[in-house]
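The structure file model.tsv is reproduced below (TSV, N, CA and C atoms).
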chain	number	residue	atom	x	y	z
A	1	MET	N	-31.98	71.31	56.16
A	1	MET	CA	-32.55	71.56	54.86
A	1	MET	C	-33.50	72.75	54.97
A	2	GLN	N	-33.48	73.57	54.00
A	2	GLN	CA	-34.31	74.77	53.98
A	2	GLN	C	-35.71	74.43	53.48
A	3	SER	N	-36.71	74.99	54.12
A	3	SER	CA	-38.10	74.78	53.69
A	3	SER	C	-38.36	75.52	52.40
A	4	ILE	N	-39.33	75.02	51.65
A	4	ILE	CA	-39.75	75.68	50.42
A	4	ILE	C	-40.86	76.65	50.79
A	5	GLU	N	-40.72	77.89	50.37
A	5	GLU	CA	-41.69	78.92	50.71
A	5	GLU	C	-43.10	78.49	50.27
A	6	GLY	N	-44.05	78.66	51.17
A	6	GLY	CA	-45.43	78.33	50.87
A	6	GLY	C	-45.80	76.88	51.15
A	7	TYR	N	-44.84	76.09	51.64
A	7	TYR	CA	-45.07	74.67	51.93
A	7	TYR	C	-44.75	74.38	53.38
A	8	ILE	N	-45.34	73.32	53.91
A	8	ILE	CA	-44.99	72.85	55.25
A	8	ILE	C	-44.28	71.51	55.08
A	9	GLU	N	-43.41	71.19	56.03
A	9	GLU	CA	-42.69	69.94	55.99
A	9	GLU	C	-43.44	68.86	56.78
A	10	TYR	N	-43.20	67.64	56.37
A	10	TYR	CA	-43.76	66.49	57.08
A	10	TYR	C	-43.22	66.49	58.50
A	11	THR	N	-44.10	66.23	59.45
A	11	THR	CA	-43.72	66.14	60.85
A	11	THR	C	-43.48	64.69	61.21
A	12	ARG	N	-42.42	64.45	61.95
A	12	ARG	CA	-42.06	63.09	62.35
A	12	ARG	C	-43.26	62.34	62.91
A	13	ARG	N	-43.49	61.14	62.42
A	13	ARG	CA	-44.55	60.22	62.83
A	13	ARG	C	-45.97	60.72	62.53
A	14	GLU	N	-46.09	61.74	61.71
A	14	GLU	CA	-47.40	62.27	61.33
A	14	GLU	C	-48.27	61.17	60.70
A	15	TYR	N	-47.66	60.40	59.80
A	15	TYR	CA	-48.37	59.29	59.15
A	15	TYR	C	-48.81	58.27	60.19
A	16	CYS	N	-47.90	57.86	61.03
A	16	CYS	CA	-48.19	56.83	62.04
A	16	CYS	C	-49.36	57.24	62.94
A	17	LYS	N	-49.38	58.49	63.32
A	17	LYS	CA	-50.46	58.99	64.17
A	17	LYS	C	-51.77	59.07	63.40
A	18	ASP	N	-51.71	59.51	62.15
A	18	ASP	CA	-52.92	59.66	61.36
A	18	ASP	C	-53.60	58.32	61.06
A	19	VAL	N	-52.80	57.29	60.80
A	19	VAL	CA	-53.38	55.97	60.50
A	19	VAL	C	-53.62	55.16	61.77
A	20	ARG	N	-53.34	55.78	62.91
A	20	ARG	CA	-53.53	55.16	64.22
A	20	ARG	C	-52.82	53.81	64.32
A	21	CYS	N	-51.55	53.83	63.95
A	21	CYS	CA	-50.71	52.64	64.04
A	21	CYS	C	-50.69	52.15	65.49
A	22	PRO	N	-50.93	50.86	65.73
A	22	PRO	CA	-50.94	50.37	67.11
A	22	PRO	C	-49.59	50.51	67.81
A	23	ILE	N	-48.52	50.46	67.06
A	23	ILE	CA	-47.19	50.66	67.66
A	23	ILE	C	-47.04	52.11	68.09
A	24	GLN	N	-47.52	53.03	67.27
A	24	GLN	CA	-47.46	54.45	67.62
A	24	GLN	C	-48.29	54.72	68.87
A	25	LEU	N	-49.43	54.07	68.99
A	25	LEU	CA	-50.27	54.25	70.18
A	25	LEU	C	-49.53	53.80	71.43
A	26	LEU	N	-48.74	52.73	71.31
A	26	LEU	CA	-47.91	52.28	72.45
A	26	LEU	C	-46.82	53.31	72.74
A	27	LEU	N	-46.20	53.84	71.70
A	27	LEU	CA	-45.16	54.86	71.89
A	27	LEU	C	-45.71	56.09	72.60
A	28	ASP	N	-46.93	56.47	72.26
A	28	ASP	CA	-47.54	57.66	72.86
A	28	ASP	C	-47.73	57.51	74.37
A	29	LYS	N	-47.76	56.29	74.85
A	29	LYS	CA	-47.94	56.04	76.29
A	29	LYS	C	-46.61	56.09	77.05
A	30	GLU	N	-45.50	56.10	76.32
A	30	GLU	CA	-44.18	56.06	76.94
A	30	GLU	C	-43.53	57.44	76.96
A	31	VAL	N	-42.57	57.61	77.85
A	31	VAL	CA	-41.77	58.84	77.89
A	31	VAL	C	-40.70	58.71	76.81
A	32	GLU	N	-40.62	59.74	75.94
A	32	GLU	CA	-39.67	59.69	74.83
A	32	GLU	C	-38.25	59.45	75.34
A	33	LYS	N	-37.55	58.55	74.67
A	33	LYS	CA	-36.16	58.17	74.95
A	33	LYS	C	-36.00	57.30	76.20
A	34	SER	N	-37.10	56.92	76.84
A	34	SER	CA	-37.00	56.00	77.97
A	34	SER	C	-36.68	54.60	77.43
A	35	PRO	N	-36.22	53.69	78.27
A	35	PRO	CA	-35.94	52.33	77.79
A	35	PRO	C	-37.16	51.67	77.14
A	36	GLY	N	-38.33	51.84	77.71
A	36	GLY	CA	-39.55	51.26	77.14
A	36	GLY	C	-39.87	51.85	75.78
A	37	TYR	N	-39.69	53.15	75.66
A	37	TYR	CA	-39.93	53.85	74.40
A	37	TYR	C	-38.99	53.32	73.32
A	38	GLU	N	-37.71	53.21	73.67
A	38	GLU	CA	-36.72	52.75	72.69
A	38	GLU	C	-36.97	51.31	72.27
A	39	GLU	N	-37.44	50.49	73.19
A	39	GLU	CA	-37.76	49.10	72.86
A	39	GLU	C	-38.91	49.03	71.85
A	40	ILE	N	-39.95	49.81	72.09
A	40	ILE	CA	-41.09	49.85	71.17
A	40	ILE	C	-40.68	50.46	69.84
A	41	ARG	N	-39.88	51.50	69.89
A	41	ARG	CA	-39.42	52.18	68.68
A	41	ARG	C	-38.62	51.24	67.79
A	42	ALA	N	-37.91	50.31	68.37
A	42	ALA	CA	-37.13	49.33	67.60
A	42	ALA	C	-38.05	48.48	66.72
A	43	ILE	N	-39.28	48.27	67.15
A	43	ILE	CA	-40.25	47.52	66.34
A	43	ILE	C	-40.48	48.28	65.03
A	44	CYS	N	-40.64	49.58	65.12
A	44	CYS	CA	-40.86	50.41	63.92
A	44	CYS	C	-39.66	50.30	62.97
A	45	ALA	N	-38.49	50.34	63.52
A	45	ALA	CA	-37.27	50.34	62.70
A	45	ALA	C	-37.08	49.03	61.95
A	46	SER	N	-37.49	47.92	62.57
A	46	SER	CA	-37.20	46.64	61.94
A	46	SER	C	-38.42	45.88	61.43
A	47	HIS	N	-39.61	46.20	61.93
A	47	HIS	CA	-40.81	45.46	61.56
A	47	HIS	C	-42.03	46.36	61.39
A	48	CYS	N	-41.85	47.44	60.63
A	48	CYS	CA	-42.96	48.38	60.42
A	48	CYS	C	-44.17	47.64	59.85
A	49	LEU	N	-45.34	47.99	60.32
A	49	LEU	CA	-46.57	47.33	59.90
A	49	LEU	C	-47.08	47.83	58.55
A	50	HIS	N	-46.51	48.92	58.07
A	50	HIS	CA	-46.98	49.54	56.83
A	50	HIS	C	-45.87	49.54	55.79
A	51	SER	N	-46.26	49.55	54.54
A	51	SER	CA	-45.29	49.53	53.44
A	51	SER	C	-44.95	50.95	52.99
A	52	THR	N	-43.85	51.05	52.28
A	52	THR	CA	-43.48	52.36	51.72
A	52	THR	C	-44.53	52.80	50.71
A	53	HIS	N	-45.16	51.85	50.02
A	53	HIS	CA	-46.22	52.19	49.08
A	53	HIS	C	-47.39	52.86	49.81
A	54	GLU	N	-47.79	52.30	50.94
A	54	GLU	CA	-48.88	52.90	51.73
A	54	GLU	C	-48.50	54.30	52.20
A	55	PHE	N	-47.26	54.44	52.67
A	55	PHE	CA	-46.79	55.74	53.14
A	55	PHE	C	-46.77	56.75	51.99
A	56	HIS	N	-46.25	56.38	50.85
A	56	HIS	CA	-46.20	57.27	49.70
A	56	HIS	C	-47.61	57.67	49.25
A	57	HIS	N	-48.51	56.71	49.21
A	57	HIS	CA	-49.90	56.98	48.83
A	57	HIS	C	-50.53	57.98	49.82
A	58	TRP	N	-50.26	57.79	51.10
A	58	TRP	CA	-50.77	58.70	52.13
A	58	TRP	C	-50.20	60.10	51.91
A	59	LEU	N	-48.88	60.18	51.68
A	59	LEU	CA	-48.25	61.49	51.45
A	59	LEU	C	-48.90	62.24	50.31
A	60	THR	N	-49.05	61.58	49.17
A	60	THR	CA	-49.62	62.26	48.01
A	60	THR	C	-51.09	62.60	48.25
A	61	GLY	N	-51.80	61.74	48.97
A	61	GLY	CA	-53.19	62.01	49.29
A	61	GLY	C	-53.36	63.23	50.19
A	62	LYS	N	-52.35	63.50	51.01
A	62	LYS	CA	-52.37	64.67	51.90
A	62	LYS	C	-51.79	65.91	51.24
A	63	GLY	N	-51.36	65.78	49.98
A	63	GLY	CA	-50.83	66.92	49.25
A	63	GLY	C	-49.34	67.15	49.39
A	64	TYR	N	-48.62	66.22	50.02
A	64	TYR	CA	-47.17	66.37	50.14
A	64	TYR	C	-46.52	66.11	48.80
A	65	ARG	N	-45.39	66.75	48.57
A	65	ARG	CA	-44.59	66.55	47.37
A	65	ARG	C	-43.18	66.20	47.81
A	66	ILE	N	-42.62	65.20	47.19
A	66	ILE	CA	-41.25	64.80	47.51
A	66	ILE	C	-40.34	65.50	46.51
A	67	VAL	N	-39.42	66.29	47.02
A	67	VAL	CA	-38.55	67.09	46.15
A	67	VAL	C	-37.10	66.90	46.54
A	68	ARG	N	-36.22	67.22	45.60
A	68	ARG	CA	-34.78	67.26	45.88
A	68	ARG	C	-34.18	68.37	45.05
A	69	PRO	N	-33.03	68.89	45.46
A	69	PRO	CA	-32.42	69.98	44.69
A	69	PRO	C	-31.93	69.49	43.34
A	70	LYS	N	-31.87	70.40	42.38
A	70	LYS	CA	-31.31	70.08	41.08
A	70	LYS	C	-29.83	69.77	41.24
A	71	GLU	N	-29.32	68.90	40.38
A	71	GLU	CA	-27.88	68.63	40.40
A	71	GLU	C	-27.14	69.83	39.86
A	72	LYS	N	-25.99	70.09	40.40
A	72	LYS	CA	-25.19	71.25	39.95
A	72	LYS	C	-24.37	70.90	38.74

Same coordinates, now as structure tokens:
Amino acid sequence: MQSIEGYIEYTRREYCKDVRCPIQLLLDKEVEKSPGYEEIRAICASHCLHSTHEFHHWLTGKGYRIVRPKEK
């Protein structure tokens, strides 16, 4: 996807790191893609501690805008 001029894109796990998610703190101690990392990462995929509402509120509070292309 092409970036919008004058804007920055959300960086993977930026929210998790900013809110100091305890699962993210465990991930930070592991080597990415190692078995331990993948085991901890599975917690995020199936049992995230935060809601989409919290994430959306955080995004808008940080000035992010969610956009999509116009339909053709």

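CA of Gly6 in chain A to CA of Trp58 in chain A spans 20.4 Å [interatomic distance, one decimal].
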
Once 6 Å is added on each side, what are the centre and the three edge lengths, in Å to one decimal, of the axis-aligned box enclosing the listed atoms of range 46-61 of chain A? Present them as JSON.
{"center_x": -45.3, "center_y": 54.3, "center_z": 55.3, "size_x": 28.2, "size_y": 29.8, "size_z": 26.6}

List the neighbours of Tyr7 in chain A out to 12 Å using only C-alpha atoms; skip same-chain residues closer than 5 positions along the sequence, and give me the result as a list in words. Gln2, Gly63, Tyr64, Arg65, Ile66 and Val67 of chain A

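What separates CA of Leu59 in chain A from CA of Tyr10 in chain A is a distance of 8.8 Å.
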
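Note that the spacing between CA of Leu27 in chain A and CA of Ile40 in chain A amounts to 6.5 Å.
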
Using only C-alpha atoms, which residues sit within 12 Å of Leu49 in chain A once same-chain residues fewer than 4 positions away are excluded, as a list in words? Cys16, Val19, Arg20, Cys21, Pro22, Ile23, Gln24, Ile43, Cys44, Ala45, His53, Glu54 and Phe55 of chain A

Write out as a VMD selection string all residues of chain A that backbone DSSP assigns to helix (DSSP H, G or I). chain A and resid 14 to 18 22 to 28 35 to 47 52 to 61
